[in-house]
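Student: Pasting structure27.cif below, which is mmCIF, C-alpha atoms.
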```
data_run
#
loop_
_atom_site.label_atom_id
_atom_site.label_comp_id
_atom_site.auth_asym_id
_atom_site.auth_seq_id
_atom_site.Cartn_x
_atom_site.Cartn_y
_atom_site.Cartn_z
CA MET A 94 15.32 -14.31 -7.52
CA LEU A 95 13.35 -11.34 -6.23
CA VAL A 96 10.27 -12.25 -8.29
CA ALA A 97 10.49 -15.80 -6.94
CA GLY A 98 10.74 -14.43 -3.40
CA ILE A 99 7.67 -12.28 -3.95
CA ALA A 100 5.73 -15.26 -5.28
CA ALA A 101 6.81 -17.32 -2.26
CA GLY A 102 5.65 -14.54 0.04
CA VAL A 103 2.27 -14.54 -1.63
CA VAL A 104 1.94 -18.30 -1.21
CA ALA A 105 2.95 -18.02 2.44
CA TRP A 106 0.32 -15.40 3.12
CA ALA A 107 -2.08 -16.69 5.75
CA GLY A 108 -4.16 -16.27 8.78
CA SER A 109 -6.15 -13.86 10.84
CA ALA A 110 -7.43 -13.88 14.39
CA SER A 111 -9.10 -16.59 16.47
CA ALA A 112 -12.31 -16.39 18.45
CA GLY A 113 -13.13 -14.12 21.36
CA PRO A 114 -14.91 -10.96 22.46
CA ALA A 115 -13.90 -7.88 20.49
CA VAL A 116 -14.78 -4.30 19.72
CA ILE A 117 -15.33 -2.55 16.38
CA THR A 118 -12.66 0.15 15.94
CA ALA A 119 -13.68 1.73 12.62
CA SER A 120 -16.26 4.52 12.57
CA HIS A 121 -18.58 2.55 10.27
CA VAL A 122 -18.39 -1.14 9.37
CA GLU A 123 -20.64 -3.25 7.17
CA ALA A 124 -21.03 -6.92 8.07
CA PHE A 125 -21.42 -9.02 4.92
CA SER A 126 -23.12 -12.37 4.42
CA ALA A 127 -19.85 -13.79 3.03
CA PRO A 128 -16.18 -12.74 3.28
CA SER A 129 -16.39 -10.44 0.25
CA ARG A 130 -17.39 -6.83 -0.34
CA GLU A 131 -19.55 -8.06 -3.21
CA ALA A 132 -21.76 -10.05 -0.79
CA GLY A 133 -24.97 -8.74 0.74
CA VAL A 134 -24.85 -6.46 3.80
CA MET A 135 -26.39 -8.10 6.89
CA SER A 136 -25.76 -5.38 9.44
CA GLU A 137 -24.03 -2.03 9.99
CA LEU A 138 -21.88 -1.48 13.07
CA GLY A 139 -20.44 1.65 14.61
CA GLN A 140 -17.22 2.34 16.46
CA GLY A 141 -17.12 0.72 19.90
CA ALA A 142 -19.76 -1.91 19.14
CA PRO A 143 -19.04 -5.19 21.01
CA VAL A 144 -18.94 -8.31 18.84
CA CYS A 145 -18.13 -11.99 19.23
CA VAL A 146 -15.50 -13.28 16.80
CA LEU A 147 -16.22 -16.88 15.77
CA ASP A 148 -14.19 -19.97 14.97
CA PRO A 149 -14.79 -23.72 15.51
CA THR A 150 -14.15 -23.34 19.26
CA ASN A 151 -17.32 -21.32 19.81
CA HIS A 152 -19.44 -22.02 16.73
CA ALA A 153 -20.91 -25.40 15.81
CA GLY A 154 -21.90 -24.55 12.22
CA MET A 155 -19.83 -24.08 9.11
CA LEU A 156 -17.86 -20.84 8.73
CA LEU A 157 -16.55 -19.44 5.45
CA ARG A 158 -12.82 -18.74 5.72
CA ARG A 159 -10.88 -16.13 3.78
CA VAL A 160 -7.64 -14.41 4.68
CA GLY A 161 -8.21 -10.89 5.97
CA TRP A 162 -11.81 -11.50 7.15
CA LEU A 163 -13.34 -12.39 10.50
CA ALA A 164 -16.63 -14.14 11.21
CA ILE A 165 -18.77 -12.48 13.91
CA ARG A 166 -22.05 -13.47 15.55
CA LEU A 167 -25.08 -11.41 14.51
CA PRO A 168 -28.70 -11.64 15.71
CA GLY A 169 -29.64 -13.19 12.35
CA GLY A 170 -26.67 -15.55 12.05
CA VAL A 171 -23.05 -15.03 11.05
CA GLY A 172 -21.56 -11.96 9.41
CA TYR A 173 -18.10 -11.22 8.03
CA VAL A 174 -16.04 -8.06 8.53
CA PRO A 175 -12.48 -7.02 7.47
CA VAL A 176 -9.92 -7.97 10.10
CA GLU A 177 -8.51 -4.43 10.42
CA THR A 178 -11.88 -3.12 11.69
CA VAL A 179 -11.88 -5.36 14.79
CA ASP A 180 -9.76 -5.10 17.94
CA LEU A 181 -9.49 -8.23 20.11
CA ALA A 182 -7.46 -6.31 22.67
CA ALA A 183 -10.54 -4.50 23.94
CA PRO A 184 -13.14 -7.19 24.78
CA ALA A 185 -16.47 -5.79 25.87
CA PRO A 186 -18.36 -7.07 28.95
CA GLU A 187 -21.65 -6.95 26.99
CA VAL A 188 -20.49 -9.83 24.76
CA VAL A 189 -21.76 -12.90 26.62
CA ASP A 190 -22.32 -15.29 23.71
CA CYS A 191 -18.71 -16.29 23.08
CA GLY A 192 -18.89 -19.69 24.80
CA GLY A 193 -18.01 -23.09 23.41
CA PRO A 194 -19.18 -24.79 20.19
CA THR A 195 -22.70 -25.24 21.56
CA ALA A 196 -23.26 -21.52 21.14
CA ALA A 197 -24.75 -21.82 17.67
CA PRO A 198 -26.58 -18.87 16.09
CA GLY A 199 -29.84 -18.24 17.96
CA ALA A 200 -28.81 -20.25 21.04
CA GLN A 201 -29.19 -18.79 24.51
CA PRO A 202 -26.06 -17.22 25.94
CA PRO A 203 -24.13 -19.46 28.34
CA ALA A 204 -24.55 -18.85 32.04
CA GLN A 205 -22.14 -16.34 33.41
CA GLY A 206 -20.50 -16.26 36.81
CA PRO A 207 -21.10 -13.42 39.25
CA ALA A 208 -19.99 -10.05 38.05
CA PRO A 209 -16.59 -9.04 39.39
CA VAL A 210 -16.66 -6.66 42.35
CA PRO A 211 -14.97 -3.31 41.72
CA ARG A 212 -11.82 -2.88 43.77
CA PRO A 213 -11.21 0.41 45.59
CA GLY A 214 -9.03 2.75 43.61
CA ARG A 215 -9.17 0.59 40.46
CA PRO A 216 -11.64 0.34 37.57
CA PRO A 217 -13.82 -2.79 37.40
CA ILE A 218 -12.10 -5.86 35.98
CA VAL A 219 -13.65 -7.18 32.79
CA ALA A 220 -13.70 -10.99 32.84
CA PHE A 221 -13.60 -12.78 29.48
CA PRO A 222 -12.66 -16.35 28.45
CA GLY A 223 -8.96 -16.93 28.88
CA SER A 224 -8.34 -14.17 31.45
CA PRO A 225 -7.24 -14.94 35.04
CA ASP A 226 -10.42 -13.27 36.34
CA ALA A 227 -12.79 -15.39 34.26
CA PRO A 228 -14.78 -18.23 35.82
CA PRO A 229 -12.63 -21.38 36.19
CA GLY A 230 -14.48 -23.23 33.42
CA GLN A 231 -13.60 -20.51 30.91
CA ARG A 232 -9.91 -20.00 31.69
CA ALA A 233 -8.82 -22.70 29.27
CA ALA A 234 -10.41 -20.88 26.31
CA ALA A 235 -7.42 -18.64 25.71
CA VAL A 236 -7.95 -15.79 23.27
CA ASP A 237 -5.55 -15.73 20.33
CA ARG A 238 -4.78 -12.16 19.25
CA PRO A 239 -2.47 -12.16 16.21
CA ALA A 240 -4.73 -9.67 14.41
CA LEU A 241 -3.84 -7.00 16.98
CA LEU A 242 -0.14 -7.01 16.24
CA PRO A 243 1.98 -6.08 13.20
CA GLY A 244 2.99 -9.05 11.11
CA GLY A 245 0.19 -9.99 8.71
CA PHE A 246 -0.99 -9.15 5.21
CA LEU A 247 -3.85 -6.70 4.76
CA PRO A 248 -6.98 -7.84 2.88
CA LEU A 249 -6.55 -7.80 -0.89
CA ARG A 250 -8.18 -5.06 -2.94
CA PRO A 251 -9.52 -6.04 -6.39
CA ALA A 252 -7.88 -2.95 -7.88
CA ARG A 253 -5.88 0.08 -6.80
CA PHE A 254 -4.69 3.12 -8.72
CA VAL A 255 -1.55 4.97 -7.66
CA LEU A 256 -0.32 8.44 -8.59
CA GLY A 257 3.29 9.27 -7.76
CA MET A 258 5.64 12.22 -8.04
CA GLY A 259 9.22 12.52 -6.91
CA SER A 260 12.86 13.07 -7.69
CA GLY A 261 16.02 11.04 -7.96
CA MET A 262 19.21 10.50 -9.93
CA GLU A 263 19.73 9.14 -13.44
CA TRP A 264 22.93 7.75 -14.93
CA LEU A 265 23.51 7.59 -18.69
CA ASP A 266 25.64 5.15 -20.64
CA LYS A 267 29.09 6.79 -20.81
CA ARG A 268 29.45 6.23 -24.55
CA ALA A 269 26.05 7.75 -25.32
CA ALA A 270 26.81 10.71 -23.04
CA ALA A 271 30.18 11.36 -24.71
CA THR A 272 28.65 11.15 -28.20
CA ASN A 273 26.13 13.87 -27.30
CA GLN A 274 28.68 15.91 -25.32
CA ILE A 275 26.69 15.86 -22.10
CA GLY A 276 27.34 14.66 -18.56
CA ASP A 277 26.68 11.02 -17.70
CA SER A 278 24.42 11.74 -14.67
CA GLY A 279 21.81 14.22 -13.54
CA ILE A 280 19.04 14.95 -11.04
CA THR A 281 15.54 13.99 -12.19
CA LEU A 282 11.90 14.90 -11.71
CA ASN A 283 9.49 12.04 -12.36
CA GLY A 284 5.84 11.04 -12.30
CA THR A 285 4.09 7.66 -12.20
CA LEU A 286 0.62 6.30 -12.97
CA GLY A 287 0.04 2.72 -11.83
CA LEU A 288 -2.62 0.02 -11.68
CA ILE A 289 -2.48 -2.86 -9.16
CA LEU A 290 -4.76 -5.89 -9.40
CA TYR A 291 -5.47 -7.82 -6.19
CA ASP A 292 -2.32 -6.26 -4.68
CA ILE A 293 -0.21 -8.79 -6.62
CA VAL A 294 -0.09 -7.85 -10.33
CA THR A 295 1.20 -4.38 -11.13
CA ALA A 296 1.49 -2.21 -14.25
CA SER A 297 2.84 1.32 -14.49
CA ALA A 298 3.69 4.15 -16.85
CA THR A 299 6.37 6.65 -15.85
CA PHE A 300 7.84 9.89 -17.16
CA SER A 301 11.16 11.35 -16.08
CA VAL A 302 13.08 14.52 -16.94
CA ALA A 303 16.83 14.59 -16.21
CA PHE A 304 19.16 17.59 -16.05
CA PRO A 305 22.74 16.45 -16.76
CA SER A 306 25.57 18.91 -17.34
CA ASP A 307 26.08 20.21 -20.90
CA ASN A 308 29.57 20.14 -22.45
CA ASN A 309 28.45 21.78 -25.72
CA SER A 310 26.24 24.67 -24.63
CA PHE A 311 25.93 27.79 -26.78
CA THR A 312 24.86 31.45 -26.56
CA GLN A 313 22.76 33.47 -29.01
CA GLU A 314 21.51 37.01 -29.33
CA VAL A 315 17.72 37.15 -28.94
CA VAL A 316 15.15 39.93 -29.31
CA PRO A 317 11.69 39.91 -27.65
CA GLU A 318 8.96 39.07 -30.18
CA MET A 319 6.46 41.54 -28.75
CA GLY A 320 7.41 45.18 -28.45
CA GLY A 321 10.94 44.86 -29.81
CA GLY A 322 13.80 45.93 -27.60
CA ASP A 323 17.55 45.64 -27.49
CA PRO A 324 19.18 42.28 -28.33
CA GLN A 325 20.19 40.20 -25.33
CA SER A 326 22.43 37.19 -24.90
CA ALA A 327 20.75 33.93 -23.88
CA ASP A 328 22.34 30.63 -22.95
CA SER A 329 21.08 27.25 -24.08
CA THR A 330 19.55 24.71 -21.73
CA LEU A 331 19.69 20.92 -21.92
CA THR A 332 16.83 18.54 -21.15
CA VAL A 333 16.82 14.73 -21.33
CA ALA A 334 13.43 13.03 -21.02
CA SER A 335 12.52 9.35 -20.73
CA TYR A 336 9.20 7.50 -20.66
CA SER A 337 8.53 3.86 -19.87
CA ILE A 338 5.92 1.17 -19.32
CA ALA A 339 6.43 -1.85 -17.07
CA ILE A 340 4.59 -4.84 -15.62
CA GLY A 341 5.46 -7.11 -12.70
CA LEU A 342 4.55 -8.68 -9.38
CA ARG A 343 4.39 -7.39 -5.83
CA THR A 344 3.68 -8.67 -2.35
CA PRO A 345 0.36 -7.81 -0.69
CA PHE A 346 0.71 -5.04 1.87
CA TRP A 347 2.25 -6.23 5.14
CA ALA A 348 0.98 -4.58 8.33
CA LEU A 349 3.79 -2.73 10.13
CA GLY A 350 1.85 -0.88 12.82
CA ARG A 351 -1.60 0.32 13.82
CA VAL A 352 -2.60 4.00 13.75
CA GLU A 353 -5.90 5.76 14.35
CA ASN A 354 -7.39 5.21 10.88
CA GLY A 355 -5.93 1.81 10.03
CA TRP A 356 -2.60 0.15 9.32
CA VAL A 357 0.78 1.45 8.26
CA ALA A 358 1.87 -1.15 5.71
CA GLY A 359 4.69 -1.95 3.32
CA SER A 360 5.07 -3.87 0.07
CA LEU A 361 7.93 -5.00 -2.19
CA PHE A 362 7.64 -5.03 -5.97
CA ALA A 363 9.62 -6.08 -9.07
CA GLN A 364 8.89 -5.02 -12.66
CA TYR A 365 10.23 -5.48 -16.18
CA GLY A 366 9.71 -2.84 -18.84
CA SER A 367 10.88 -0.82 -21.81
CA ALA A 368 11.85 2.85 -22.06
CA GLY A 369 12.36 5.49 -24.72
CA VAL A 370 14.72 8.45 -24.35
CA GLY A 371 15.09 11.80 -26.07
CA GLY A 372 16.46 15.25 -25.45
CA THR A 373 17.12 18.74 -26.78
CA ARG A 374 19.64 21.53 -26.41
CA THR A 375 18.12 24.92 -27.17
CA ILE A 376 17.25 28.34 -25.77
CA SER A 377 14.02 28.37 -23.79
CA ASN A 378 11.05 30.38 -25.13
CA CYS A 379 12.74 31.09 -28.45
CA THR A 380 10.98 30.35 -31.75
CA ASP A 381 13.86 30.48 -34.21
CA CYS A 382 16.94 29.75 -32.09
CA ARG A 383 19.36 26.94 -32.70
CA LYS A 384 18.09 23.54 -31.59
CA ASP A 385 20.21 20.40 -31.19
CA ASP A 386 18.49 17.03 -30.84
CA ILE A 387 20.02 14.65 -28.30
CA HIS A 388 19.99 11.07 -29.61
CA ILE A 389 20.05 8.49 -26.82
CA PRO A 390 18.84 4.92 -27.48
CA GLY A 391 16.15 3.44 -25.26
CA GLY A 392 16.04 -0.12 -24.01
CA THR A 393 14.66 -2.63 -21.56
CA PHE A 394 15.14 -2.55 -17.82
CA TRP A 395 14.21 -4.22 -14.54
CA ARG A 396 12.99 -2.30 -11.53
CA VAL A 397 12.75 -3.20 -7.84
CA GLY A 398 11.28 -1.10 -5.09
CA PHE A 399 9.40 -0.61 -1.84
CA ASP A 400 6.07 1.07 -1.05
CA LEU A 401 5.14 2.41 2.38
CA ILE A 402 1.50 3.48 2.82
CA LEU A 403 -0.36 5.29 5.58
CA PRO A 404 -4.16 5.29 5.91
CA THR A 405 -6.40 8.34 5.57
CA ARG A 406 -9.87 9.06 6.94
CA LYS A 407 -11.24 7.68 3.66
CA PRO A 408 -11.08 3.85 3.80
CA THR A 409 -10.31 3.49 0.09
CA ALA A 410 -7.46 6.03 -0.03
CA SER A 411 -3.90 6.02 1.31
CA TYR A 412 -0.77 8.05 0.86
CA GLY A 413 2.83 7.05 1.25
CA LEU A 414 6.41 6.88 0.03
CA THR A 415 7.86 4.92 -2.87
CA ALA A 416 11.53 4.13 -3.51
CA SER A 417 12.82 2.21 -6.53
CA TYR A 418 15.96 1.30 -8.44
CA GLU A 419 16.18 0.60 -12.21
CA ARG A 420 18.90 -1.18 -14.13
CA TYR A 421 18.99 -1.03 -17.94
CA ALA A 422 20.11 -3.78 -20.30
CA ALA A 423 23.28 -3.52 -22.39
CA GLY A 424 22.89 -1.28 -25.43
CA ALA A 425 20.50 1.18 -23.79
CA GLY A 426 21.45 4.84 -23.57
CA LEU A 427 20.57 4.85 -19.88
CA SER A 428 22.44 2.87 -17.25
CA ASP A 429 20.69 3.23 -13.87
CA GLU A 430 18.04 5.32 -12.18
CA LEU A 431 17.21 5.81 -8.52
CA ARG A 432 13.82 7.27 -7.59
CA MET A 433 12.09 8.37 -4.40
CA GLY A 434 8.84 10.23 -4.03
CA PHE A 435 5.33 10.59 -2.66
CA SER A 436 2.42 8.43 -3.79
CA TYR A 437 -1.35 8.56 -3.46
CA TRP A 438 -3.36 5.33 -3.58
CA LEU A 439 -7.00 5.02 -4.61
#
```
Step by step, read the file and then write its structure as structure tokens.
Tutor:
Amino acid sequence: MLVAGIAAGVVAWAGSASAGPAVITASHVEAFSAPSREAGVMSELGQGAPVCVLDPTNHAGMLLRRVGWLAIRLPGGVGYVPVETVDLAAPAPEVVDCGGPTAAPGAQPPAQGPAPVPRPGRPPIVAFPGSPDAPPGQRAAAVDRPALLPGGFLPLRPARFVLGMGSGMEWLDKRAAATNQIGDSGITLNGTLGLILYDIVTASATFSVAFPSDNNSFTQEVVPEMGGGDPQSADSTLTVASYSIAIGLRTPFWALGRVENGWVAGSLFAQYGSAGVGGTRTISNCTDCRKDDIHIPGGTFWRVGFDLILPTRKPTASYGLTASYERYAAGAGLSDELRMGFSYWL
């Protein structure tokens, strides 16, 4: 059901902003000849640059449409920029070529009404199509601003790598735990390496070390190998380790809120995989002490989770939090695992 929901969310993914004056918010933006980072670069824009966002209401020619990209007017024609680099909430008075569909590339800007007179005690009012202070003929051209608000998917990335590290809780099958004379739950430390293709297909490899209680611990006399010394008593320690690989689907990242460097975004994911388990009971740093192998069968599992990412100053990198829950199939030595940790996205 969850995988079907994720697929439905991907199909429902749509839309960006409509036309109107806007301002570049990123420190450096490349305008491409097509809505793709593989296309040629037509222009480079800096933070605060005024632009005119295009759609059929103010552009007579054909525009290429792709979710997560905006068409803008350039001196040489039309360019395309990622939607998160443009802010329609801050229209600039210098943008005067955002008229109706007759404003094709290269056309003269439409005639503008008299500039608004500054009012005492208030900053000058910037008039743009759709605002109450615009000339009467332009008031009907309301500016649609859905790109300014949370509630849309971020542009897809062809590939992302994720590194994660965290902790959690692992539960063992009660029969397997009793057979090995260990507790059936323990705190874990875990690490993850993942690959995400187009923010939809996901694959991961994980490693986890659990520390359940030991009902069959032992003590031995040990002597330091170097320099001799008096015998000392040392207690055994128990370690249970698991490793797994999994593949699955996820939703593209959904914008939750805007911050200085970009969007805070979230994503749901579901995976199916297989795990192996092993463990030992021995005395740490001892070469000839007693060693008991812990035999716990592996098995298949399904995993569901949530990623929350925050942008960094580097456009291609993010950091965030990941939470997930795993449920193992019957016959596996593990039962459930709950994980939470930090992640770094590249």
Student: What would the list of residues within 6 Å of (10.1, 4.7, -4.8) (file frame) look like as a list of chain:residue names, if only C-alpha atoms are what count?
Tutor: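 Nearby residues: A:Gly398, A:Thr415, A:Ala416, A:Ser417, A:Arg432, A:Met433, A:Gly434.
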Student: Distance atom CA of Val116 of chain A-atom CA of Ser129 of chain A, one decimal place?
Tutor: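 These atoms are spaced 20.5 Å apart.
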Student: Measure the distance from atom CA of Asp385 of chain A to atom CA of Val333 of chain A in Å and round it to one decimal.
Tutor: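 The value is 11.9 Å.
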Student: Specify as an NGL selection string each residue included when the PyMOL selection byres ((chain A and resi 283) around 10) is applied to this file.
Tutor: :A and (257-261 or 281-282 or 284-285 or 299-303 or 334-336 or 432-434)
Student: Work out how far atom CA of Val294 of chain A is from atom CA of Val255 of chain A, in Å to one decimal.
Tutor: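 Between atom CA of Val255 of chain A and atom CA of Val294 of chain A the gap is 13.2 Å.
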Student: Would you kindly return, as a list in words, each protein, DNA or RNA residue with an atom no farther than 7 Å from any atom of Leu342 of chain A, considering all atoms listed in the file and excluding same-chain residues fewer than 3 positions away?
Tutor: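 Here the qualifying residues turn out to be Val96, Ile293, Val294, Thr295, Phe362, Ala363 and Gln364 of chain A.
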Student: Take the selection from the previous step and output its residues with C-alpha atoms, as a CSV table (one decimal), keeping the file's coordinate frame.
Tutor:
```
chain,number,residue,atom,x,y,z
A,96,VAL,CA,10.3,-12.2,-8.3
A,293,ILE,CA,-0.2,-8.8,-6.6
A,294,VAL,CA,-0.1,-7.8,-10.3
A,295,THR,CA,1.2,-4.4,-11.1
A,362,PHE,CA,7.6,-5.0,-6.0
A,363,ALA,CA,9.6,-6.1,-9.1
A,364,GLN,CA,8.9,-5.0,-12.7
```
Student: Please enumerate the residues selected by the PyMOL selection byres ((chain A and resi 275) around 12) when evaluated against the supplied file, formatted as an MDAnalysis selection string.
Tutor: chainID A and resid 264:274 276:279 303:310 330:333 372:374 387:389
Student: Taking the file as shown, find all residues satisfying the PyMOL selection byres ((chain A and resi 145) around 7) and write them as a ChimeraX atom specification.
Tutor: /A:113-115,144,146-147,165-166,188,190-191
Student: Pull C-alpha atoms from the residues just selected and write them as a tab-separated table (two decimals), in the frame of the given file.
Tutor:
```
chain	number	residue	atom	x	y	z
A	113	GLY	CA	-13.13	-14.12	21.36
A	114	PRO	CA	-14.91	-10.96	22.46
A	115	ALA	CA	-13.90	-7.88	20.49
A	144	VAL	CA	-18.94	-8.31	18.84
A	146	VAL	CA	-15.50	-13.28	16.80
A	147	LEU	CA	-16.22	-16.88	15.77
A	165	ILE	CA	-18.77	-12.48	13.91
A	166	ARG	CA	-22.05	-13.47	15.55
A	188	VAL	CA	-20.49	-9.83	24.76
A	190	ASP	CA	-22.32	-15.29	23.71
A	191	CYS	CA	-18.71	-16.29	23.08
```
Student: Identify, on the basis of all atoms listed in the file, every residue whose closest approach to Pro251 of chain A does not exceed 9 Å; exclude the query and any residue fewer than 3 positions from it along the same chain; express the result as an mmCIF file with C-alpha atoms, in the coordinates of the input.
Tutor:
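Done, and the output landed in selection_36.cif:
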```
data_model
loop_
_atom_site.group_PDB
_atom_site.id
_atom_site.type_symbol
_atom_site.label_atom_id
_atom_site.label_comp_id
_atom_site.auth_asym_id
_atom_site.auth_seq_id
_atom_site.Cartn_x
_atom_site.Cartn_y
_atom_site.Cartn_z
ATOM 1 C CA ILE A 289 -2.480 -2.860 -9.160
ATOM 2 C CA LEU A 290 -4.760 -5.890 -9.400
ATOM 3 C CA TYR A 291 -5.470 -7.820 -6.190
ATOM 4 C CA ASP A 292 -2.320 -6.260 -4.680
#
```
Student: A:Asp148, A:Glu318, A:Asp381, A:Asp328: which is nearest Ala112 of chain A, counting all atoms listed in the file?
Tutor: A:Asp148
Student: Please work out which residues fall within 7 Å of (3.8, 0.2, -2.8), coordinates as given in the file, with all atoms listed in the file counting, and return them as a PyMOL selection string.
Tutor: chain A and resi 359-361+399-402+415
Student: Of the residues A:Gly369, A:Glu137, A:Tyr412, A:Arg383, which is the one nearest to Ser436 of chain A, using all atoms listed in the file?
Tutor: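 Ranked by minimum distance to Ser436 of chain A, first place goes to A:Tyr412.
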Student: Around all the atoms of segment 116-135 of chain A listed in the file, with 4 Å of room on each side, what axis-aligned box do you get, giving centre and edge lengths in Å to one decimal, as lines of an AutoDock Vina configuration file?
Tutor:
```
center_x = -19.5
center_y = -4.6
center_z = 8.3
size_x = 21.7
size_y = 26.3
size_z = 30.9
```
Student: Please determine, counting all atoms listed in the file, which residue among A:Ala124, A:Leu439, A:Cys382, A:Val134 has the shortest atom-to-atom distance to Leu286 of chain A.
Tutor: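 Of A:Ala124, A:Leu439, A:Cys382, A:Val134, the one nearest Leu286 of chain A is A:Leu439, counting all atoms listed in the file.
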Student: Rank nothing, just name the residue among A:Leu349, A:Glu263, A:Asp323, A:Thr375 nearest to Ser428 of chain A, using all atoms listed in the file.
Tutor: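 Of the candidates, the smallest distance to Ser428 of chain A is held by A:Glu263.
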Student: List as number ranges by chain the protein and nucleic acid residues near Ala127 of chain A, meaning an atom at most 8 Å away when only C-alpha atoms are counted, but skip any in the same chain fewer than 5 places from it.
Tutor: A: 132-133, 157, 172-173
Student: I need the chosen residues saved as a PDB file, in the frame of the given file, with C-alpha atoms.
Tutor:
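This went into result-v8.pdb:
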```
ATOM      1  CA  ALA A 132     -21.760 -10.050  -0.790  1.00  0.00           C
ATOM      2  CA  GLY A 133     -24.970  -8.740   0.740  1.00  0.00           C
ATOM      3  CA  LEU A 157     -16.550 -19.440   5.450  1.00  0.00           C
ATOM      4  CA  GLY A 172     -21.560 -11.960   9.410  1.00  0.00           C
ATOM      5  CA  TYR A 173     -18.100 -11.220   8.030  1.00  0.00           C
TER       6      TYR A 173
END
```
Student: Please determine, counting all atoms listed in the file, which residue among A:Ser120, A:Gly139, A:Leu288, A:Gly169 has the shortest atom-to-atom distance to Arg343 of chain A.
Tutor: A:Leu288
Student: Considering all atoms listed in the file, return as a list of chain:residue names whatever protein or nucleic-acid residues lie within 6 Å of Ser411 of chain A, sequence-local ones (same chain, fewer than 2 positions apart) excluded.
Tutor: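 So, after excluding close chain neighbours, the residues are A:Leu403, A:Pro404, A:Thr405, A:Tyr437, A:Trp438.
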Student: Return the single residue from A:Pro143, A:Gly391, A:Gly413, A:Pro175 that is closest to Arg130 of chain A, with distances computed using only C-alpha atoms.
Tutor: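 Of A:Pro143, A:Gly391, A:Gly413, A:Pro175, the one nearest Arg130 of chain A is A:Pro175, counting only C-alpha atoms.
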Student: Near Thr393 of chain A, counting only C-alpha atoms, which residues have an atom at most 7 Å away, once you skip same-chain residues fewer than 2 positions from it, shown as a compact mmCIF listing (two decimals) with C-alpha atoms, keeping the file's coordinate frame?
Tutor:
```txt
# COMPACT_ATOMS: atom_id res chain seq x y z
CA GLY A 366 9.71 -2.84 -18.84
CA SER A 367 10.88 -0.82 -21.81
CA ALA A 368 11.85 2.85 -22.06
CA TYR A 421 18.99 -1.03 -17.94
CA ALA A 422 20.11 -3.78 -20.30
```
